[in-house]
file structure.pdb (PDB, C-alpha atoms)
MODEL        1
ATOM      1  CA  MET I  49     -66.902  -8.284 -34.423
ATOM      2  CA  THR I  50     -69.943  -7.706 -36.657
ATOM      3  CA  GLU I  51     -73.351  -6.564 -35.434
ATOM      4  CA  THR I  52     -74.761  -9.995 -36.326
ATOM      5  CA  THR I  53     -72.163 -11.630 -34.130
ATOM      6  CA  ASN I  54     -72.944  -9.089 -31.403
ATOM      7  CA  LEU I  55     -76.656  -9.999 -31.441
ATOM      8  CA  VAL I  56     -75.962 -13.728 -31.311
ATOM      9  CA  THR I  57     -73.349 -13.202 -28.598
ATOM     10  CA  GLU I  58     -75.614 -10.919 -26.557
ATOM     11  CA  ALA I  59     -78.538 -13.354 -26.847
ATOM     12  CA  ALA I  60     -76.270 -16.276 -25.910
ATOM     13  CA  THR I  61     -74.907 -14.429 -22.882
ATOM     14  CA  LEU I  62     -78.374 -13.438 -21.634
ATOM     15  CA  PHE I  63     -79.713 -16.953 -22.180
ATOM     16  CA  GLU I  64     -76.760 -18.587 -20.448
ATOM     17  CA  GLU I  65     -77.146 -16.260 -17.449
ATOM     18  CA  PHE I  66     -80.884 -17.046 -17.334
ATOM     19  CA  ARG I  67     -80.241 -20.778 -17.549
ATOM     20  CA  ASP I  68     -77.600 -20.516 -14.820
ATOM     21  CA  GLY I  69     -80.142 -19.096 -12.382
ATOM     22  CA  GLU I  70     -80.257 -15.355 -13.066
ATOM     23  CA  ARG I  71     -83.993 -15.429 -13.876
ATOM     24  CA  GLY I  72     -84.169 -11.670 -14.482
ATOM     25  CA  GLN I  73     -82.040 -12.075 -17.619
ATOM     26  CA  ILE I  74     -85.033 -13.431 -19.547
ATOM     27  CA  ASP I  75     -86.505  -9.902 -19.739
ATOM     28  CA  PRO I  76     -83.660  -8.328 -21.739
ATOM     29  CA  LEU I  77     -83.535 -11.452 -23.926
ATOM     30  CA  VAL I  78     -87.261 -11.106 -24.661
ATOM     31  CA  ARG I  79     -86.849  -7.401 -25.486
ATOM     32  CA  LEU I  80     -83.894  -8.161 -27.756
ATOM     33  CA  LEU I  81     -85.466 -10.915 -29.865
ATOM     34  CA  THR I  82     -89.261 -10.500 -29.734
ATOM     35  CA  PRO I  83     -89.516  -7.999 -32.637
ATOM     36  CA  THR I  84     -87.776 -10.406 -35.007
ATOM     37  CA  LEU I  85     -89.770 -13.393 -33.737
ATOM     38  CA  TRP I  86     -93.033 -11.470 -34.117
ATOM     39  CA  HIS I  87     -92.195 -10.562 -37.719
ATOM     40  CA  MET I  88     -91.332 -14.187 -38.433
ATOM     41  CA  ALA I  89     -94.732 -15.296 -37.123
ATOM     42  CA  ARG I  90     -96.488 -12.646 -39.234
ATOM     43  CA  ALA I  91     -94.458 -13.755 -42.255
ATOM     44  CA  CYS I  92     -95.947 -17.234 -41.802
ATOM     45  CA  GLY I  93     -99.361 -15.699 -42.539
ATOM     46  CA  LEU I  94    -100.661 -15.218 -39.010
ATOM     47  CA  GLN I  95    -102.857 -12.336 -37.976
ATOM     48  CA  GLN I  96    -101.580  -9.980 -35.269
ATOM     49  CA  ARG I  97    -103.284 -11.715 -32.328
ATOM     50  CA  ASP I  98    -102.174 -15.182 -33.434
ATOM     51  CA  ALA I  99     -98.596 -13.972 -33.989
ATOM     52  CA  GLU I 100     -98.537 -12.515 -30.470
ATOM     53  CA  ASP I 101     -99.836 -15.816 -29.050
ATOM     54  CA  VAL I 102     -97.232 -17.822 -30.962
ATOM     55  CA  VAL I 103     -94.347 -15.662 -29.749
ATOM     56  CA  GLN I 104     -95.592 -15.874 -26.165
ATOM     57  CA  THR I 105     -95.980 -19.668 -26.449
ATOM     58  CA  VAL I 106     -92.425 -20.000 -27.763
ATOM     59  CA  TRP I 107     -91.020 -17.895 -24.900
ATOM     60  CA  LEU I 108     -92.901 -20.053 -22.382
ATOM     61  CA  SER I 109     -91.577 -23.171 -24.099
ATOM     62  CA  LEU I 110     -88.027 -21.829 -23.857
ATOM     63  CA  VAL I 111     -88.409 -21.177 -20.128
ATOM     64  CA  SER I 112     -89.623 -24.731 -19.527
ATOM     65  CA  LYS I 113     -87.037 -26.342 -21.830
ATOM     66  CA  ALA I 114     -84.048 -24.063 -21.209
ATOM     67  CA  ASP I 115     -81.875 -26.897 -19.972
ATOM     68  CA  THR I 116     -82.345 -28.811 -23.257
ATOM     69  CA  VAL I 117     -80.555 -26.135 -25.306
ATOM     70  CA  ARG I 118     -76.963 -27.380 -25.383
ATOM     71  CA  ASP I 119     -75.248 -24.413 -27.038
ATOM     72  CA  PRO I 120     -76.344 -20.940 -25.893
ATOM     73  CA  ARG I 121     -75.081 -19.521 -29.225
ATOM     74  CA  SER I 122     -77.857 -21.467 -30.958
ATOM     75  CA  ILE I 123     -80.642 -19.762 -28.992
ATOM     76  CA  VAL I 124     -81.541 -17.363 -31.835
ATOM     77  CA  ALA I 125     -81.885 -20.263 -34.284
ATOM     78  CA  TRP I 126     -83.780 -22.347 -31.692
ATOM     79  CA  LEU I 127     -86.294 -19.551 -31.156
ATOM     80  CA  GLY I 128     -86.662 -18.878 -34.887
ATOM     81  CA  THR I 129     -87.297 -22.527 -35.666
ATOM     82  CA  SER I 130     -89.759 -22.800 -32.795
ATOM     83  CA  VAL I 131     -91.676 -19.711 -33.959
ATOM     84  CA  ARG I 132     -91.917 -21.040 -37.517
ATOM     85  CA  ARG I 133     -93.123 -24.456 -36.392
ATOM     86  CA  GLU I 134     -95.650 -23.046 -33.920
ATOM     87  CA  SER I 135     -96.864 -20.560 -36.560
ATOM     88  CA  TRP I 136     -97.387 -23.338 -39.081
ATOM     89  CA  ARG I 137     -99.233 -25.429 -36.479
ATOM     90  CA  THR I 138    -101.452 -22.479 -35.547
ATOM     91  CA  ALA I 139    -102.187 -21.642 -39.188
ATOM     92  CA  ARG I 140    -103.042 -25.285 -39.913
ATOM     93  CA  GLU I 141    -105.432 -25.391 -36.934
ATOM     94  CA  LYS I 142    -107.093 -22.156 -38.113
ATOM     95  CA  ARG I 143    -107.556 -23.581 -41.620
ATOM     96  CA  LEU I 144    -109.084 -26.782 -40.273
ATOM     97  CA  ALA I 145    -111.393 -24.911 -37.895
ATOM     98  CA  SER I 146    -112.680 -22.423 -40.481
ATOM     99  CA  PRO I 147    -114.716 -23.038 -43.605
ATOM    100  CA  ARG I 148    -112.793 -22.315 -46.799
ATOM    101  CA  GLU I 149    -114.939 -19.316 -47.749
ATOM    102  CA  ASP I 150    -114.021 -17.544 -44.495
ATOM    103  CA  PHE I 151    -110.408 -17.126 -45.627
ATOM    104  CA  PRO I 152    -109.552 -13.721 -47.044
ATOM    105  CA  GLU I 153    -108.431 -13.632 -50.661
ATOM    106  CA  HIS I 154    -105.176 -11.944 -49.699
ATOM    107  CA  PRO I 155    -103.188 -12.145 -46.484
ATOM    108  CA  ASP I 156    -103.411  -9.112 -44.246
ATOM    109  CA  PRO I 157    -100.540  -6.851 -45.365
ATOM    110  CA  ALA I 158    -101.124  -4.478 -42.463
ATOM    111  CA  PRO I 159     -98.069  -3.527 -40.448
ATOM    112  CA  GLY I 160     -97.503  -4.539 -36.868
ATOM    113  CA  PRO I 161     -98.624  -2.556 -33.858
ATOM    114  CA  ASP I 162     -95.292  -0.752 -33.574
ATOM    115  CA  GLU I 163     -95.445   0.574 -37.125
ATOM    116  CA  VAL I 164     -96.999   3.800 -38.284
ATOM    117  CA  VAL I 165    -100.671   3.665 -39.259
ATOM    118  CA  LEU I 166    -101.052   3.786 -43.004
ATOM    119  CA  THR I 167    -102.752   7.087 -43.712
ATOM    120  CA  SER I 168    -101.419   8.480 -46.960
ATOM    121  CA  GLU I 169    -102.046   7.235 -50.479
ATOM    122  CA  THR I 170     -98.308   6.704 -50.926
ATOM    123  CA  GLN I 171     -98.174   4.341 -47.957
ATOM    124  CA  ARG I 172    -101.253   2.404 -49.120
ATOM    125  CA  THR I 173     -99.711   2.009 -52.580
ATOM    126  CA  LEU I 174     -96.433   0.785 -51.109
ATOM    127  CA  TRP I 175     -98.180  -1.804 -48.904
ATOM    128  CA  ARG I 176    -100.383  -2.977 -51.791
ATOM    129  CA  HIS I 177     -97.303  -3.694 -53.898
ATOM    130  CA  LEU I 178     -95.464  -5.281 -50.974
ATOM    131  CA  ALA I 179     -98.421  -7.635 -50.472
ATOM    132  CA  ALA I 180     -98.109  -8.722 -54.115
ATOM    133  CA  LEU I 181     -94.554 -10.013 -53.562
ATOM    134  CA  THR I 182     -93.817 -13.645 -52.754
ATOM    135  CA  PRO I 183     -94.264 -14.602 -49.083
ATOM    136  CA  ARG I 184     -90.481 -15.018 -48.683
ATOM    137  CA  CYS I 185     -89.843 -11.504 -50.091
ATOM    138  CA  GLN I 186     -92.559 -10.057 -47.860
ATOM    139  CA  ALA I 187     -91.058 -11.711 -44.790
ATOM    140  CA  LEU I 188     -87.505 -10.676 -45.627
ATOM    141  CA  LEU I 189     -88.432  -7.051 -46.341
ATOM    142  CA  ARG I 190     -90.509  -6.841 -43.137
ATOM    143  CA  ILE I 191     -87.633  -8.178 -41.054
ATOM    144  CA  ILE I 192     -84.936  -5.971 -42.572
ATOM    145  CA  SER I 193     -87.133  -2.873 -42.344
ATOM    146  CA  ARG I 194     -87.854  -3.180 -38.626
ATOM    147  CA  GLY I 195     -84.899  -0.969 -37.756
ATOM    148  CA  GLY I 196     -81.271  -1.636 -37.144
ATOM    149  CA  PRO I 197     -79.125  -4.013 -39.131
ATOM    150  CA  PRO I 198     -80.679  -7.424 -39.807
ATOM    151  CA  ASP I 199     -79.174 -10.457 -38.111
ATOM    152  CA  TYR I 200     -78.132 -12.385 -41.220
ATOM    153  CA  ALA I 201     -76.786 -15.352 -39.247
ATOM    154  CA  ALA I 202     -80.077 -15.782 -37.379
ATOM    155  CA  LEU I 203     -82.065 -15.392 -40.601
ATOM    156  CA  ALA I 204     -79.881 -17.941 -42.343
ATOM    157  CA  ASP I 205     -80.300 -20.419 -39.478
ATOM    158  CA  ALA I 206     -84.048 -19.854 -39.200
ATOM    159  CA  TRP I 207     -84.677 -20.088 -42.957
ATOM    160  CA  GLY I 208     -82.147 -22.807 -43.725
ATOM    161  CA  MET I 209     -80.268 -20.815 -46.332
ATOM    162  CA  PRO I 210     -76.659 -19.626 -46.669
ATOM    163  CA  VAL I 211     -75.861 -16.246 -45.139
ATOM    164  CA  GLY I 212     -74.469 -15.161 -48.522
ATOM    165  CA  SER I 213     -77.869 -15.715 -50.175
ATOM    166  CA  ILE I 214     -79.785 -13.283 -47.981
ATOM    167  CA  GLY I 215     -78.293 -10.076 -49.458
ATOM    168  CA  PRO I 216     -78.866 -11.078 -53.099
ATOM    169  CA  THR I 217     -82.381 -12.306 -52.238
ATOM    170  CA  ARG I 218     -83.100  -8.992 -50.545
ATOM    171  CA  GLY I 219     -81.771  -7.162 -53.632
ATOM    172  CA  ARG I 220     -84.043  -9.135 -55.949
ATOM    173  CA  CYS I 221     -87.049  -8.508 -53.696
ATOM    174  CA  LEU I 222     -86.333  -4.773 -53.564
ATOM    175  CA  SER I 223     -85.808  -4.654 -57.335
ATOM    176  CA  THR I 224     -89.161  -6.359 -57.932
ATOM    177  CA  LEU I 225     -90.872  -3.946 -55.546
ATOM    178  CA  ARG I 226     -89.166  -0.941 -57.145
ATOM    179  CA  LYS I 227     -90.263  -1.999 -60.665
ATOM    180  CA  ALA I 228     -93.864  -2.503 -59.526
ATOM    181  CA  LEU I 229     -93.945   0.894 -57.818
ATOM    182  CA  LEU I 230     -92.443   2.716 -60.805
ATOM    183  CA  ALA I 231     -95.026   1.114 -63.088
ATOM    184  CA  ASP I 232     -97.901   2.253 -60.856
ATOM    185  CA  PRO I 233     -99.239   5.678 -61.938
ATOM    186  CA  SER I 234    -100.458   6.497 -58.430
ATOM    187  CA  TRP I 235     -96.925   5.977 -57.089
ATOM    188  CA  SER I 236     -95.285   7.992 -59.852
ATOM    189  CA  ALA I 237     -97.698  10.877 -59.278
ATOM    190  CA  THR I 238     -96.737  11.250 -55.622
TER     191      THR I 238
ENDMDL
END
call {"tool": "encode", "arguments": {"input": "structure.pdb", "output": "structure tokens"}}
result
Amino acid sequence: MTETTNLVTEAATLFEEFRDGERGQIDPLVRLLTPTLWHMARACGLQQRDAEDVVQTVWLSLVSKADTVRDPRSIVAWLGTSVRRESWRTAREKRLASPREDFPEHPDPAPGPDEVVLTSETQRTLWRHLAALTPRCQALLRIISRGGPPDYAALADAWGMPVGSIGPTRGRCLSTLRKALLADPSWSAT
């Protein structure tokens, strides 16, 4: 059994137990999946506070709609899709509520609260080049760098792409980042 299958199976088991009345099982499910959901919300262009609100809203939605999820093995995909949709809705509302000139020129490439504060020139250079990548590459590299093996099945479901495309896409993203870093004199000097 692969680690991807283990994550989906563990999430399905916890969700099924929660849905069957063991209300305490929502806590381990939240701990298991929130980091990935948070990164997905940030990858949709949300600031930290908005991403936290979106993830919380999706968890509350799951609790109220738990009985509508037919297959517990689809819970990872259900959550991922819900986070993306809620993130897009939130971003659209922010755009409509704010004048155009209030938008920053570049999305905030800052790491999440659980990541190390960027203090060295090397880290700032890395993040600058990461921010220059396409949004899909940024999102993929953030998710796979959060620690532990990435859940390719959940990513494939959430992004609507074949599992076999994620590895090559990741390779192309890393290659683009590597080339940009090697061409940067401040990176080469460190």
call {"tool": "residues_around", "arguments": {"input": "structure.pdb", "residues": "Thr182 (chain I)", "least_positions_apart": "2", "cutoff": "12 Å", "atoms": "all atoms listed in the file", "output": "list in words"}}
result
Ala91, Cys92, Gly93, His154, Pro155, His177, Leu178, Ala179, Ala180, Arg184, Cys185, Gln186, Ala187, Leu188, Leu189, Thr217, Arg218, Arg220, Cys221, Leu222, Thr224 and Leu225 of chain I
call {"tool": "closest_residue", "arguments": {"input": "structure.pdb", "among": "I:Pro233, I:Leu80, I:Thr170, I:Arg132", "to": "Thr57 (chain I)", "atoms": "all atoms listed in the file"}}
result
I:Leu80
call {"tool": "atom_distance", "arguments": {"input": "structure.pdb", "atom1": "CA of Ile214 (chain I)", "atom2": "CA of Tyr200 (chain I)"}}
result
7.0 Å
call {"tool": "closest_residue", "arguments": {"input": "structure.pdb", "among": "I:Leu110, I:Ile192, I:Val56, I:Ala139", "to": "Asp205 (chain I)", "atoms": "all atoms listed in the file"}}
result
I:Val56
call {"tool": "atom_distance", "arguments": {"input": "structure.pdb", "atom1": "CA of Arg137 (chain I)", "atom2": "CA of Leu181 (chain I)"}}
result
23.5 Å
call {"tool": "atom_distance", "arguments": {"input": "structure.pdb", "atom1": "CA of Ile191 (chain I)", "atom2": "CA of Trp86 (chain I)"}}
result
9.4 Å
call {"tool": "resolve_selection", "arguments": {"input": "structure.pdb", "expression": "the PyMOL selection byres ((chain I and resi 81) around 12)", "output": "count of residues only"}}
result
37
call {"tool": "closest_residue", "arguments": {"input": "structure.pdb", "among": "I:Val102, I:Ala201, I:Leu174, I:Ala231", "to": "Trp136 (chain I)", "atoms": "only C-alpha atoms"}}
result
I:Val102
call {"tool": "closest_residue", "arguments": {"input": "structure.pdb", "among": "I:Asp119, I:Arg172, I:Ala228, I:Leu94", "to": "Arg140 (chain I)", "atoms": "only C-alpha atoms"}}
result
I:Leu94
call {"tool": "axis_aligned_box", "arguments": {"input": "structure.pdb", "around": "region 217-230 of chain I", "padding_each_side": "8 Å", "output": "AutoDock Vina command-line options"}}
result
--center_x -87.9 --center_y -4.8 --center_z -55.7 --size_x 28.2 --size_y 31.0 --size_z 26.3
call {"tool": "closest_residue", "arguments": {"input": "structure.pdb", "among": "I:Gln95, I:Ser193, I:Gln73, I:Ser234", "to": "Arg176 (chain I)", "atoms": "all atoms listed in the file"}}
result
I:Ser234
call {"tool": "build_atoms", "arguments": {"input": "structure.pdb", "residues": "region 131-144 of chain I", "atoms": "N, CA and C atoms", "output": "PDB file, in the coordinates of the input"}}
result
ATOM      1  N   VAL I 131     -90.623 -20.635 -33.517  1.00  0.00           N
ATOM      2  CA  VAL I 131     -91.676 -19.711 -33.959  1.00  0.00           C
ATOM      3  C   VAL I 131     -92.263 -20.183 -35.287  1.00  0.00           C
ATOM      4  N   ARG I 132     -91.413 -20.563 -36.218  1.00  0.00           N
ATOM      5  CA  ARG I 132     -91.917 -21.040 -37.517  1.00  0.00           C
ATOM      6  C   ARG I 132     -92.802 -22.262 -37.337  1.00  0.00           C
ATOM      7  N   ARG I 133     -92.346 -23.224 -36.578  1.00  0.00           N
ATOM      8  CA  ARG I 133     -93.123 -24.456 -36.392  1.00  0.00           C
ATOM      9  C   ARG I 133     -94.447 -24.189 -35.686  1.00  0.00           C
ATOM     10  N   GLU I 134     -94.417 -23.375 -34.648  1.00  0.00           N
ATOM     11  CA  GLU I 134     -95.650 -23.046 -33.920  1.00  0.00           C
ATOM     12  C   GLU I 134     -96.595 -22.229 -34.802  1.00  0.00           C
ATOM     13  N   SER I 135     -96.041 -21.352 -35.632  1.00  0.00           N
ATOM     14  CA  SER I 135     -96.864 -20.560 -36.560  1.00  0.00           C
ATOM     15  C   SER I 135     -97.550 -21.469 -37.572  1.00  0.00           C
ATOM     16  N   TRP I 136     -96.805 -22.411 -38.114  1.00  0.00           N
ATOM     17  CA  TRP I 136     -97.387 -23.338 -39.081  1.00  0.00           C
ATOM     18  C   TRP I 136     -98.479 -24.185 -38.428  1.00  0.00           C
ATOM     19  N   ARG I 137     -98.241 -24.638 -37.196  1.00  0.00           N
ATOM     20  CA  ARG I 137     -99.233 -25.429 -36.479  1.00  0.00           C
ATOM     21  C   ARG I 137    -100.496 -24.597 -36.243  1.00  0.00           C
ATOM     22  N   THR I 138    -100.310 -23.366 -35.808  1.00  0.00           N
ATOM     23  CA  THR I 138    -101.452 -22.479 -35.547  1.00  0.00           C
ATOM     24  C   THR I 138    -102.223 -22.201 -36.831  1.00  0.00           C
ATOM     25  N   ALA I 139    -101.516 -21.913 -37.906  1.00  0.00           N
ATOM     26  CA  ALA I 139    -102.187 -21.642 -39.188  1.00  0.00           C
ATOM     27  C   ALA I 139    -102.957 -22.866 -39.666  1.00  0.00           C
ATOM     28  N   ARG I 140    -102.371 -24.047 -39.502  1.00  0.00           N
ATOM     29  CA  ARG I 140    -103.042 -25.285 -39.913  1.00  0.00           C
ATOM     30  C   ARG I 140    -104.323 -25.482 -39.089  1.00  0.00           C
ATOM     31  N   GLU I 141    -104.251 -25.257 -37.788  1.00  0.00           N
ATOM     32  CA  GLU I 141    -105.432 -25.391 -36.934  1.00  0.00           C
ATOM     33  C   GLU I 141    -106.518 -24.392 -37.339  1.00  0.00           C
ATOM     34  N   LYS I 142    -106.123 -23.176 -37.676  1.00  0.00           N
ATOM     35  CA  LYS I 142    -107.093 -22.156 -38.113  1.00  0.00           C
ATOM     36  C   LYS I 142    -107.777 -22.589 -39.404  1.00  0.00           C
ATOM     37  N   ARG I 143    -106.980 -23.128 -40.341  1.00  0.00           N
ATOM     38  CA  ARG I 143    -107.556 -23.581 -41.620  1.00  0.00           C
ATOM     39  C   ARG I 143    -108.553 -24.704 -41.393  1.00  0.00           C
ATOM     40  N   LEU I 144    -108.203 -25.640 -40.526  1.00  0.00           N
ATOM     41  CA  LEU I 144    -109.084 -26.782 -40.273  1.00  0.00           C
ATOM     42  C   LEU I 144    -110.346 -26.370 -39.527  1.00  0.00           C
TER      43      LEU I 144
END
